[in-house]
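Enquirer: Right, I'll just put the structure down here and ask away after.
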Protein chains: 2
Amino acid sequence: MVTLEDVARHAGVSLATASRVLNGSARQVGAGLRERVEQAAAELGYRTNVAAQTLARGAGNVIGLVVHDLVDPYFAAIADGAVRAAEAHGMVVMVGTTHRDPVKEIAYVSSLGAQRARAVILAGSRVDDPSAAALRTELERYRAGGGRVAVIGQDLLGTDTVAVANRSGAAALAEALKAMGHREFAILAGPPRLITAADRCEGFAAALPGLSPQIIHGPFDRDGGYAAAASINPGVTCVFAVNDVMAVGALAAFRDRGLRVPDDLSLAGFDDIATLRDLVPALTTVRLPLAEIGARAVELALSGDAGPSVVHVEGEVVIRESVRAR
Amino acid sequence: MVTLEDVARHAGVSLATASRVLNGSARQVGAGLRERVEQAAAELGYRTNVAAQTLARGAGNVIGLVVHDLVDPYFAAIADGAVRAAEAHGMVVMVGTTHRDPVKEIAYVSSLGAQRARAVILAGSRVDDPSAAALRTELERYRAGGGRVAVIGQDLLGTDTVAVANRSGAAALAEALKAMGHREFAILAGPPRLITAADRCEGFAAALPGLSPQIIHGPFDRDGGYAAAASINPGVTCVFAVNDVMAVGALAAFRDRGLRVPDDLSLAGFDDIATLRDLVPALTTVRLPLAEIGARAVELALSGDAGPSVVHVEGEVVIRESVRAR
DNA sequence: GCATACTGGGAAATCGCTTTCCGGAAGGGT
DNA sequence: ACCCTTCCGGAAAGCGATTTCCCAGTATGC
C-alpha cells in the first residue's frame, strides 16, 4: 500500500506538505509543490487511508442510519434519500437493520459510536417500551463523544428531529373522507405503543368527532393489515390503514372475502409508497416525501448548529380510486 | 472520550494487557487481571476506537455494498440479506447507490478502498460500456490492497461471484408458458447491453426454437415496462417482462389500453418481488432468493479461501394468475 | 538438580495521517 | 532602511489502538 510518506518522498517534499495538498487543509501550498505532489500521488496510485485520517482528525466521515427493515419500501425510500444527501457532503452511510428488535438498535448505536460516526440517524419510531431507556442512555453516551443524533418521526427529547406531521396528515385525510360522505369508519391502527401508528390513528379519529370509528390494533406490516381487516364491523363504509403496506394487506383480505374496493368498501392508506403506485384500485393515501425526509435528517445531523432543532414535514392527501363518495 | 490507556491505568495494568482483554487476542490473560480490566472498562464506559483499531490491525470491519437504487425492491432485498449476513460476522455494511451512473460506481469502489473495507460487493450488472474498463482497474487496485470483491450477477473475470441462473430460469419459464399453449410471445427485454436483462431475454428466446418472439428493448424499470408494452404486436398472447417491476409497468399499460390480463393477454415477470405479491392479477414469475443472494455474496467475500469461486443460484418458476392457458 | 519449555505481563515500536509550532523569505507601510 | 505581517515549507508530536519483543516465574523432562 502506498502511504502518504511514499508520496512525499517521491515528490521530494515533507509529509506535511503532501498532506496539505492531498487531503484538504486550510493552508495553501505553492503551485509548484502542489503540482509535484499531485503528480507523485497519481503515479504511485496513492489512496488516503481513511482510518488513519479519522484517527488523526478525531472525526470520521460515516453517517449511521438505523432502520427497521430495508425491504420495507418506507425505509428503503428514506435510506435512499439519506444516502444521496450524505454523498453530497462527502460522507458515506452505514446502515443497520434492526428488524424491530430494540436490542439491536442499541447495539447499532453502540457500534456507530465505536466507529466515531459523525452522526446517527434513527428512523422508524420505537415503541415506548422499557428498552427505550437503555437506548436513551446509549444515545447520550454517543453524543457525549461528540456525535450528533437525528431522529425521524417522534420528537425524542433533546435531539434533532424530522417531525412528520402524522397527526395532521391523518386528520386531513379524515376530513376529506368525511367530505365524501363517509360516516362509518374503521381504523387498522397498528401496534398501540408504536408512536407513528398511534399518532396517525389518533389524528384520524380526532378529526371525526362524534363518529367514534372502530379501532383495530395489530402488527404494522402487510400481514397485520390482512389480519386486522377480518374484524371490521359490518356497516363500515371506509377503512383507514395507518400505512400503505397494511392497506395492501387489507385489500387482499377484502378480495379474499369477496368485498370489492371501492364498490363495497372504501380504503385509504398512509405514506404513498411509490412501488405500490400501480395497485388496483389505486390507493388513496397521504403522500410523504420519504426521500426528502431521509435527506433532511442527514442535513440536520450535519448542520452542527446550536440547539436541537426540529424540521416539520407535512403530508399531502391524495385521493385515488380506492375511495368512493357515498 | 475514554481511551484504552485510561482503562489500563484505572485497572493498574499495562496497555498491552488491557488490549488483550478487551479486544480479543490470541494471548491469554490471567483471570484476576482480566476481571480488573473488564471492570475498569465498564466503570469508565470504554468504547473501542474502531479507527485506531483498523489502523493498527491494518484491516477494518466494513463491507461495502454498491447497488443501483435502494428504492428498487430487488436491491433492497439484496441489501437486507447482505446486512444480516455481515452482522453475523461482526461486520457492518456501507451502502452506496449509483443510480446507474458508472462513474459513481467507480467512485464508491475507490472510496471503499480508502476505507480499507474488507470486501466490496457489486450488485446489479453493469452495462458493458467503456467505463467498465475503468471499473475493472479500480477493482484491481482495490484487490491489490488486500480487499476482496464479490459480484452479484455476471461472472466478472477473477472475482468471487454469485451467479444467478438468469438464462436457465428464463428458459424454464418459457417452457412452462409454452406448455400452457402459448406460441406468440413478446419480450420486454430491457436495455440491450445490460447483462442481466440480456441473459434473461436470450434464455427465454432460446427455449422457444422456431417461435421467434418479438423483442422490445427499453429501460429496466417500471416506466420502461410501461413504454415497451405499447409496441407489442397484435397476435401476441403472452408477454415476458425481464423483471417484475417492468411487468408492473406493462400491466398498467395494458389496463390503460383496456386489455385485461390474463383474459386478453398473459404476462410474466422475473424476480418475485415480495412487495408485489398482492398485485392483481398475481404475477407469474421466476422466484429469486434475493436476500439469500445478498447473504451469499457476503459469505463469499469473507471466506478468504484460495481462488475466486462462483456460487450458483437457481430461480424457481412460479405460475400465478397473470398467465392463462390457451 | 539443571536445562528447557511455556506462561502471562509489560515496554515500546509501529500503523498512516493531521496539525501545531518554528523559521525563513517575501511583501508592505512609513 | 526597518519593522511588521503574511505566506509557505518542514520537523515532530500526537491520535488510540495492536503487536513484537523481552523477561521473570513456573512447570516439565531426564
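Residues in the C-alpha cells are named by chain (A, B, ... in the order shown) and by number from 1 within that chain; ligands are numbered from 1 in the order shown.
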For DT19 (chain D), please output as a list in words all residues within 12 Å (counting only C-alpha atoms (C1' of nucleotides); exclusion window: fewer than 3 positions along the same chain).
Expert: Leu15, Ala16, Thr17, Ser19, Arg20, Ser25, Ala26, Arg27, Gln53, Ala56, Arg57 and Gly58 of chain B; DA11, DA12, DA13, DT14 and DC15 of chain C
Enquirer: Between chain D and chain A, at 12 Å or less, what are the per-residue closest atom pairs and their distances in Å? Count only C-alpha atoms (C1' of nucleotides), order by chain and rising residue number, and return it as JSON lines.
Expert:
{"residue": "D:DC7", "atom": "C1'", "partner": "A:Gln28", "partner_atom": "CA", "distance": 8.5}
{"residue": "D:DC8", "atom": "C1'", "partner": "A:Val29", "partner_atom": "CA", "distance": 6.5}
{"residue": "D:DG9", "atom": "C1'", "partner": "A:Thr17", "partner_atom": "CA", "distance": 7.1}
{"residue": "D:DG10", "atom": "C1'", "partner": "A:Ser14", "partner_atom": "CA", "distance": 6.0}
{"residue": "D:DA11", "atom": "C1'", "partner": "A:Ser14", "partner_atom": "CA", "distance": 8.9}
{"residue": "D:DA12", "atom": "C1'", "partner": "A:Ala16", "partner_atom": "CA", "distance": 10.4}
{"residue": "D:DA13", "atom": "C1'", "partner": "A:Ala56", "partner_atom": "CA", "distance": 11.7}
{"residue": "D:DG14", "atom": "C1'", "partner": "A:Ala56", "partner_atom": "CA", "distance": 8.1}
{"residue": "D:DC15", "atom": "C1'", "partner": "A:Ala56", "partner_atom": "CA", "distance": 4.7}
{"residue": "D:DG16", "atom": "C1'", "partner": "A:Leu55", "partner_atom": "CA", "distance": 7.4}
{"residue": "D:DA17", "atom": "C1'", "partner": "A:Leu55", "partner_atom": "CA", "distance": 9.7}
Enquirer: So how far away is CA of Arg320 (chain A) from CA of Asp72 (chain A), in Å?
Expert: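 Between CA of Asp72 (chain A) and CA of Arg320 (chain A) the gap is 22.2 Å.
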Enquirer: Report the distance between CA of Leu122 (chain B) and CA of Val109 (chain B) in Å, rounded to one decimal place.
Expert: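 For CA of Leu122 (chain B) relative to CA of Val109 (chain B), the distance reads 9.0 Å.
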Enquirer: Any idea which chain C residues end up within 10 Å of chain A if we count only C-alpha atoms (C1' of nucleotides), as JSON, numbers by chain please?
Expert: {"C": [15, 16, 17, 18, 19]}
Enquirer: Specify as a list in words all residues of chain A found within 7 Å of chain B, counting only C-alpha atoms.
Expert: Met1, Arg47, Thr48, Asn49, Val50, Ala51, Ala52, Thr54, Leu55, Leu70, Val71, Pro73, Ala76, Ala77, Asp80, Val83, Val93, Met94, Val95, Gly96, Ala114, Gln115, Gly145, Val248, Ala252, Asp278, Leu279 and Val280 of chain A
Enquirer: Select, from B:Asp221, B:Glu321, B:Asp244, B:Glu175, the residue with the minimum atom-to-atom distance to Ala207 (chain B), counting only C-alpha atoms.
Expert: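 For Ala207 (chain B), the nearest of the candidates is B:Glu175.
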Enquirer: Report as a compact mmCIF listing (two decimals) with C-alpha atoms, in the first residue's frame: the residues of region 198-296 of chain A with a DSSP assignment of helix (DSSP H, G or I), based on the backbone of this structure.
Expert:
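part.txt written:
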# COMPACT_ATOMS: atom_id res chain seq x y z
CA ALA A 198 -50.74 5.83 17.36
CA ASP A 199 -50.37 9.38 16.09
CA ARG A 200 -51.95 8.58 12.78
CA CYS A 201 -54.74 6.74 14.44
CA GLU A 202 -55.44 9.50 16.91
CA GLY A 203 -55.20 12.24 14.35
CA PHE A 204 -57.70 10.45 12.19
CA ALA A 205 -60.11 9.75 14.99
CA ALA A 206 -59.84 13.25 16.42
CA ARG A 222 -48.83 -6.30 5.36
CA ASP A 223 -49.94 -9.36 7.24
CA GLY A 224 -51.04 -7.20 10.11
CA GLY A 225 -53.30 -5.34 7.73
CA TYR A 226 -54.62 -8.56 6.34
CA ALA A 227 -55.41 -9.95 9.74
CA ALA A 228 -56.93 -6.79 11.12
CA ALA A 229 -59.22 -6.47 8.15
CA ASP A 244 -49.88 1.71 2.79
CA VAL A 245 -48.37 -1.68 3.34
CA MET A 246 -51.11 -2.56 5.78
CA ALA A 247 -53.64 -1.22 3.31
CA VAL A 248 -52.31 -3.67 0.77
CA GLY A 249 -52.84 -6.48 3.23
CA ALA A 250 -56.34 -5.28 3.90
CA LEU A 251 -57.04 -5.08 0.22
CA ALA A 252 -56.00 -8.69 -0.17
CA ALA A 253 -58.22 -9.67 2.73
CA PHE A 254 -61.20 -7.91 1.23
CA ARG A 255 -60.59 -9.55 -2.08
CA ASP A 256 -60.42 -12.96 -0.45
CA ALA A 274 -44.01 4.51 -4.96
CA THR A 275 -43.75 0.80 -5.59
CA LEU A 276 -47.42 0.48 -4.83
CA LEU A 290 -39.78 9.98 2.13
CA ALA A 291 -36.53 10.50 0.31
CA GLU A 292 -36.62 14.11 1.35
CA ILE A 293 -37.21 13.09 4.92
CA GLY A 294 -34.10 10.94 4.84
CA ALA A 295 -32.11 13.73 3.26
CA ARG A 296 -33.34 16.30 5.74
Enquirer: If we count only C-alpha atoms (C1' of nucleotides) and set the cut-off at 10 Å, which residues sit around His10 (chain A), ignoring sequence neighbours fewer than 6 positions away in its own chain? Please answer as a list in words.
Expert: Leu4, Arg36, Val37, Gln39, Ala40, Ala41, Glu43 and Leu44 of chain A
Enquirer: Output N, CA and C atoms for every residue in the selection just made, as an mmCIF file, in the first residue's frame.
Expert:
data_model
loop_
_atom_site.group_PDB
_atom_site.id
_atom_site.type_symbol
_atom_site.label_atom_id
_atom_site.label_comp_id
_atom_site.auth_asym_id
_atom_site.auth_seq_id
_atom_site.Cartn_x
_atom_site.Cartn_y
_atom_site.Cartn_z
ATOM 1 N N LEU A 4 1.209 8.088 2.440
ATOM 2 C CA LEU A 4 1.455 9.492 2.186
ATOM 3 C C LEU A 4 2.955 9.762 2.218
ATOM 4 N N ARG A 36 3.819 18.934 -8.037
ATOM 5 C CA ARG A 36 4.700 17.774 -7.857
ATOM 6 C C ARG A 36 4.032 16.700 -7.019
ATOM 7 N N VAL A 37 3.385 17.137 -5.957
ATOM 8 C CA VAL A 37 2.737 16.175 -5.065
ATOM 9 C C VAL A 37 1.613 15.445 -5.791
ATOM 10 N N GLN A 39 1.206 14.939 -8.863
ATOM 11 C CA GLN A 39 1.772 14.032 -9.851
ATOM 12 C C GLN A 39 2.283 12.745 -9.201
ATOM 13 N N ALA A 40 3.007 12.934 -8.115
ATOM 14 C CA ALA A 40 3.560 11.774 -7.423
ATOM 15 C C ALA A 40 2.431 10.858 -6.950
ATOM 16 N N ALA A 41 1.387 11.464 -6.408
ATOM 17 C CA ALA A 41 0.267 10.672 -5.912
ATOM 18 C C ALA A 41 -0.351 9.865 -7.040
ATOM 19 N N GLU A 43 1.058 9.005 -9.892
ATOM 20 C CA GLU A 43 1.989 7.975 -10.363
ATOM 21 C C GLU A 43 1.999 6.747 -9.469
ATOM 22 N N LEU A 44 2.035 7.017 -8.181
ATOM 23 C CA LEU A 44 2.133 5.906 -7.242
ATOM 24 C C LEU A 44 0.794 5.240 -6.960
#
Enquirer: Region 117-290 of chain A: which residues are strand (DSSP E) by DSSP, as an MDAnalysis selection string?
Expert: chainID A and resid 119:123 148:152 160:164 185:190 214:217 238:241 266:268 285:287
Enquirer: Need the shell around region 21-28 of chain D: protein/DNA/RNA residues with any atom at most 12 Å away, counting only C-alpha atoms (C1' of nucleotides). Skip same-chain ones fewer than 2 positions apart. Format as a PyMOL selection string?
Expert: (chain C and resi 2-13) or (chain D and resi 19+30)
Enquirer: Name all residues at most 10 Å from Leu302 (chain A) (count only C-alpha atoms (C1' of nucleotides); drop same-chain ones fewer than 2 positions away) and give them as a PDB file with all heavy atoms, in the first residue's frame.
Expert:
ATOM      1  N   ILE A  63     -21.868   8.250   8.361  1.00  0.00           N
ATOM      2  CA  ILE A  63     -23.141   8.565   8.985  1.00  0.00           C
ATOM      3  C   ILE A  63     -23.857   7.242   9.170  1.00  0.00           C
ATOM      4  O   ILE A  63     -23.947   6.449   8.242  1.00  0.00           O
ATOM      5  CB  ILE A  63     -23.978   9.480   8.079  1.00  0.00           C
ATOM      6  CG1 ILE A  63     -23.320  10.852   8.029  1.00  0.00           C
ATOM      7  CG2 ILE A  63     -25.399   9.588   8.587  1.00  0.00           C
ATOM      8  CD1 ILE A  63     -24.035  11.821   7.134  1.00  0.00           C
ATOM      9  N   ALA A  86     -25.964  12.286   2.064  1.00  0.00           N
ATOM     10  CA  ALA A  86     -24.662  12.050   2.667  1.00  0.00           C
ATOM     11  C   ALA A  86     -23.582  12.199   1.605  1.00  0.00           C
ATOM     12  O   ALA A  86     -22.548  12.843   1.823  1.00  0.00           O
ATOM     13  CB  ALA A  86     -24.609  10.655   3.272  1.00  0.00           C
ATOM     14  N   HIS A  89     -22.377  15.479   0.834  1.00  0.00           N
ATOM     15  CA  HIS A  89     -21.498  16.067   1.844  1.00  0.00           C
ATOM     16  C   HIS A  89     -20.183  15.312   1.965  1.00  0.00           C
ATOM     17  O   HIS A  89     -19.450  15.499   2.940  1.00  0.00           O
ATOM     18  CB  HIS A  89     -22.200  16.064   3.206  1.00  0.00           C
ATOM     19  CG  HIS A  89     -23.288  17.074   3.319  1.00  0.00           C
ATOM     20  ND1 HIS A  89     -23.084  18.328   3.826  1.00  0.00           N
ATOM     21  CD2 HIS A  89     -24.590  17.029   2.964  1.00  0.00           C
ATOM     22  CE1 HIS A  89     -24.227  18.998   3.794  1.00  0.00           C
ATOM     23  NE2 HIS A  89     -25.148  18.233   3.269  1.00  0.00           N
ATOM     24  N   MET A  91     -19.877  12.281   2.650  1.00  0.00           N
ATOM     25  CA  MET A  91     -19.963  11.293   3.716  1.00  0.00           C
ATOM     26  C   MET A  91     -20.471   9.984   3.133  1.00  0.00           C
ATOM     27  O   MET A  91     -20.971   9.931   2.020  1.00  0.00           O
ATOM     28  CB  MET A  91     -20.960  11.746   4.786  1.00  0.00           C
ATOM     29  CG  MET A  91     -20.693  13.098   5.351  1.00  0.00           C
ATOM     30  SD  MET A  91     -19.884  12.930   6.924  1.00  0.00           S
ATOM     31  CE  MET A  91     -18.494  13.944   6.650  1.00  0.00           C
ATOM     32  N   ARG A 118     -20.012  10.338  12.458  1.00  0.00           N
ATOM     33  CA  ARG A 118     -20.315  11.750  12.607  1.00  0.00           C
ATOM     34  C   ARG A 118     -21.712  11.953  13.178  1.00  0.00           C
ATOM     35  O   ARG A 118     -21.955  12.856  13.951  1.00  0.00           O
ATOM     36  CB  ARG A 118     -20.304  12.393  11.236  1.00  0.00           C
ATOM     37  CG  ARG A 118     -19.210  13.262  10.868  1.00  0.00           C
ATOM     38  CD  ARG A 118     -18.664  14.249  11.728  1.00  0.00           C
ATOM     39  NE  ARG A 118     -18.244  15.385  10.919  1.00  0.00           N
ATOM     40  CZ  ARG A 118     -17.334  15.307   9.950  1.00  0.00           C
ATOM     41  NH1 ARG A 118     -16.703  14.174   9.718  1.00  0.00           N
ATOM     42  NH2 ARG A 118     -17.025  16.359   9.249  1.00  0.00           N
ATOM     43  N   ALA A 119     -22.607  11.134  12.718  1.00  0.00           N
ATOM     44  CA  ALA A 119     -23.982  11.279  13.154  1.00  0.00           C
ATOM     45  C   ALA A 119     -24.684   9.938  13.049  1.00  0.00           C
ATOM     46  O   ALA A 119     -24.297   9.096  12.245  1.00  0.00           O
ATOM     47  CB  ALA A 119     -24.706  12.294  12.264  1.00  0.00           C
ATOM     48  N   VAL A 120     -25.685   9.767  13.867  1.00  0.00           N
ATOM     49  CA  VAL A 120     -26.525   8.601  13.649  1.00  0.00           C
ATOM     50  C   VAL A 120     -27.959   9.059  13.500  1.00  0.00           C
ATOM     51  O   VAL A 120     -28.411   9.990  14.147  1.00  0.00           O
ATOM     52  CB  VAL A 120     -26.379   7.481  14.719  1.00  0.00           C
ATOM     53  CG1 VAL A 120     -25.264   7.753  15.681  1.00  0.00           C
ATOM     54  CG2 VAL A 120     -27.658   7.184  15.414  1.00  0.00           C
ATOM     55  N   GLY A 147     -20.853  12.958  18.917  1.00  0.00           N
ATOM     56  CA  GLY A 147     -21.676  12.594  17.774  1.00  0.00           C
ATOM     57  C   GLY A 147     -23.011  13.302  17.788  1.00  0.00           C
ATOM     58  O   GLY A 147     -23.482  13.744  18.827  1.00  0.00           O
ATOM     59  N   ARG A 148     -23.579  13.455  16.618  1.00  0.00           N
ATOM     60  CA  ARG A 148     -24.898  14.070  16.518  1.00  0.00           C
ATOM     61  C   ARG A 148     -25.932  12.973  16.319  1.00  0.00           C
ATOM     62  O   ARG A 148     -25.649  11.933  15.733  1.00  0.00           O
ATOM     63  CB  ARG A 148     -24.961  15.004  15.298  1.00  0.00           C
ATOM     64  CG  ARG A 148     -23.859  15.980  15.194  1.00  0.00           C
ATOM     65  CD  ARG A 148     -24.164  17.276  15.858  1.00  0.00           C
ATOM     66  NE  ARG A 148     -25.383  17.880  15.342  1.00  0.00           N
ATOM     67  CZ  ARG A 148     -25.846  19.049  15.770  1.00  0.00           C
ATOM     68  NH1 ARG A 148     -25.185  19.708  16.690  1.00  0.00           N
ATOM     69  NH2 ARG A 148     -26.951  19.544  15.272  1.00  0.00           N
ATOM     70  N   VAL A 149     -27.119  13.257  16.766  1.00  0.00           N
ATOM     71  CA  VAL A 149     -28.185  12.284  16.606  1.00  0.00           C
ATOM     72  C   VAL A 149     -29.385  12.961  15.966  1.00  0.00           C
ATOM     73  O   VAL A 149     -29.742  14.076  16.346  1.00  0.00           O
ATOM     74  CB  VAL A 149     -28.619  11.708  17.971  1.00  0.00           C
ATOM     75  CG1 VAL A 149     -29.807  10.787  17.805  1.00  0.00           C
ATOM     76  CG2 VAL A 149     -27.462  10.982  18.617  1.00  0.00           C
ATOM     77  N   ALA A 150     -29.959  12.324  14.991  1.00  0.00           N
ATOM     78  CA  ALA A 150     -31.198  12.841  14.427  1.00  0.00           C
ATOM     79  C   ALA A 150     -32.211  11.709  14.414  1.00  0.00           C
ATOM     80  O   ALA A 150     -31.863  10.556  14.146  1.00  0.00           O
ATOM     81  CB  ALA A 150     -30.986  13.376  13.016  1.00  0.00           C
ATOM     82  N   ARG A 296     -33.264  15.254   4.725  1.00  0.00           N
ATOM     83  CA  ARG A 296     -33.343  16.296   5.744  1.00  0.00           C
ATOM     84  C   ARG A 296     -32.703  15.837   7.046  1.00  0.00           C
ATOM     85  O   ARG A 296     -32.061  16.628   7.752  1.00  0.00           O
ATOM     86  CB  ARG A 296     -34.803  16.665   6.012  1.00  0.00           C
ATOM     87  CG  ARG A 296     -35.446  17.344   4.853  1.00  0.00           C
ATOM     88  CD  ARG A 296     -34.812  18.690   4.565  1.00  0.00           C
ATOM     89  NE  ARG A 296     -35.517  19.794   5.163  1.00  0.00           N
ATOM     90  CZ  ARG A 296     -36.662  20.275   4.724  1.00  0.00           C
ATOM     91  NH1 ARG A 296     -37.226  19.737   3.659  1.00  0.00           N
ATOM     92  NH2 ARG A 296     -37.236  21.291   5.318  1.00  0.00           N
ATOM     93  N   ALA A 297     -32.911  14.606   7.365  1.00  0.00           N
ATOM     94  CA  ALA A 297     -32.329  14.086   8.605  1.00  0.00           C
ATOM     95  C   ALA A 297     -30.808  14.189   8.553  1.00  0.00           C
ATOM     96  O   ALA A 297     -30.153  14.566   9.528  1.00  0.00           O
ATOM     97  CB  ALA A 297     -32.764  12.647   8.829  1.00  0.00           C
ATOM     98  N   VAL A 298     -30.272  13.865   7.396  1.00  0.00           N
ATOM     99  CA  VAL A 298     -28.817  13.952   7.244  1.00  0.00           C
ATOM    100  C   VAL A 298     -28.360  15.397   7.373  1.00  0.00           C
ATOM    101  O   VAL A 298     -27.403  15.704   8.105  1.00  0.00           O
ATOM    102  CB  VAL A 298     -28.366  13.368   5.894  1.00  0.00           C
ATOM    103  CG1 VAL A 298     -26.924  13.722   5.605  1.00  0.00           C
ATOM    104  CG2 VAL A 298     -28.554  11.865   5.888  1.00  0.00           C
ATOM    105  N   GLU A 299     -29.038  16.279   6.687  1.00  0.00           N
ATOM    106  CA  GLU A 299     -28.676  17.698   6.738  1.00  0.00           C
ATOM    107  C   GLU A 299     -28.700  18.182   8.182  1.00  0.00           C
ATOM    108  O   GLU A 299     -27.785  18.850   8.656  1.00  0.00           O
ATOM    109  CB  GLU A 299     -29.675  18.541   5.945  1.00  0.00           C
ATOM    110  CG  GLU A 299     -29.938  18.092   4.529  1.00  0.00           C
ATOM    111  CD  GLU A 299     -28.756  18.349   3.622  1.00  0.00           C
ATOM    112  OE1 GLU A 299     -27.782  18.965   4.086  1.00  0.00           O
ATOM    113  OE2 GLU A 299     -28.796  17.923   2.450  1.00  0.00           O
ATOM    114  N   LEU A 300     -29.759  17.835   8.831  1.00  0.00           N
ATOM    115  CA  LEU A 300     -29.959  18.254  10.196  1.00  0.00           C
ATOM    116  C   LEU A 300     -28.801  17.789  11.069  1.00  0.00           C
ATOM    117  O   LEU A 300     -28.211  18.563  11.836  1.00  0.00           O
ATOM    118  CB  LEU A 300     -31.251  17.609  10.700  1.00  0.00           C
ATOM    119  CG  LEU A 300     -32.060  18.383  11.713  1.00  0.00           C
ATOM    120  CD1 LEU A 300     -32.279  19.797  11.221  1.00  0.00           C
ATOM    121  CD2 LEU A 300     -33.398  17.691  11.922  1.00  0.00           C
ATOM    122  N   GLY A 304     -24.043  21.426  12.197  1.00  0.00           N
ATOM    123  CA  GLY A 304     -23.644  21.396  13.607  1.00  0.00           C
ATOM    124  C   GLY A 304     -24.070  22.601  14.427  1.00  0.00           C
ATOM    125  O   GLY A 304     -23.393  22.954  15.379  1.00  0.00           O
ATOM    126  N   ASP A 305     -25.168  23.221  14.093  1.00  0.00           N
ATOM    127  CA  ASP A 305     -25.541  24.427  14.826  1.00  0.00           C
ATOM    128  C   ASP A 305     -25.962  24.128  16.264  1.00  0.00           C
ATOM    129  O   ASP A 305     -25.961  22.989  16.706  1.00  0.00           O
ATOM    130  CB  ASP A 305     -26.623  25.199  14.080  1.00  0.00           C
ATOM    131  CG  ASP A 305     -27.879  24.356  13.961  1.00  0.00           C
ATOM    132  OD1 ASP A 305     -27.858  23.204  14.442  1.00  0.00           O
ATOM    133  OD2 ASP A 305     -28.856  24.832  13.399  1.00  0.00           O
TER     134      ASP A 305
END
Enquirer: Counting only C-alpha atoms, which of B:Val242, B:Ala132, B:Ala230, B:Leu208 gets nearest to Lys178 (chain B)?
Expert: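 Among B:Val242, B:Ala132, B:Ala230, B:Leu208, it is B:Leu208 that comes nearest to Lys178 (chain B).
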